[in-house]
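Visitor: This is the structure, below, for whatever I ask next.
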Amino acid sequence: MSIEQIDGTHYSKNDYQTWDYILDNNLSFLEGNVIKYLSRYNQKGTPISDLNKALTYLLKSMEVEEPRKMGIFFKPRKRRIDITSLNKFISQFEDEEQRDLIIAYMYSLKTKDTQYFYTLLNDAIYKGK
């Protein structure tokens with residue numbers, strides 16, 4: 001069964017939908033929202049707002065994941081990034097900066113090294129101001 005996107009032409013022009021990418025890579029709600037806002041930030045007319053939303057979801061995700069890593073709630077999920085789906089997903093975006101942000105975010109999920117992603121995200125936010 002294929003469900004059509006209800007609203008948002010910023011999603012419908014892609015063959016590989018953002019929600020499909022999120023599901024294919026078993027991303028959490030918070031992680032999925034980071035990808036959602038990164039994948040549409042320069043297509044909607046509100047780039048700074050969407051980048052700030054991505055950052056907000058990233059920070060909340062980090063706040064929630066930190067106790068999990070220490071075993072307070074439950075063990076963190078093993079992260080496996082499907083490179084084929086990542087390549088298929090990012091190939092839709094003409095903007096190199098947008099592709100780099102999504103790749104850097106997925107890499108930071110795998111390695112827990114967020115410095116490069118933060119640098120790219122901050123650059124994109126301040127460039128748009």
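Convention: chains lettered A, B, ... in structure tokens order; per-chain residue numbering from 1; ligands numbered from 1 as shown.
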Show me, as a PyMOL selection string, the residues that have an atom within 10 Å of Phe117 of chain A when counting only C-alpha atoms, minus same-chain residues fewer than 5 positions from it.

Guide: chain A and resi 100-108+122-123

Visitor: Write out as a VMD selection string which residues come within 12 Å of Leu27 of chain A when counting only C-alpha atoms, dropping same-chain ones fewer than 2 positions away.

Guide: chain A and resid 18 to 25 29 to 36 61 77 to 82 105 to 106 109 to 110
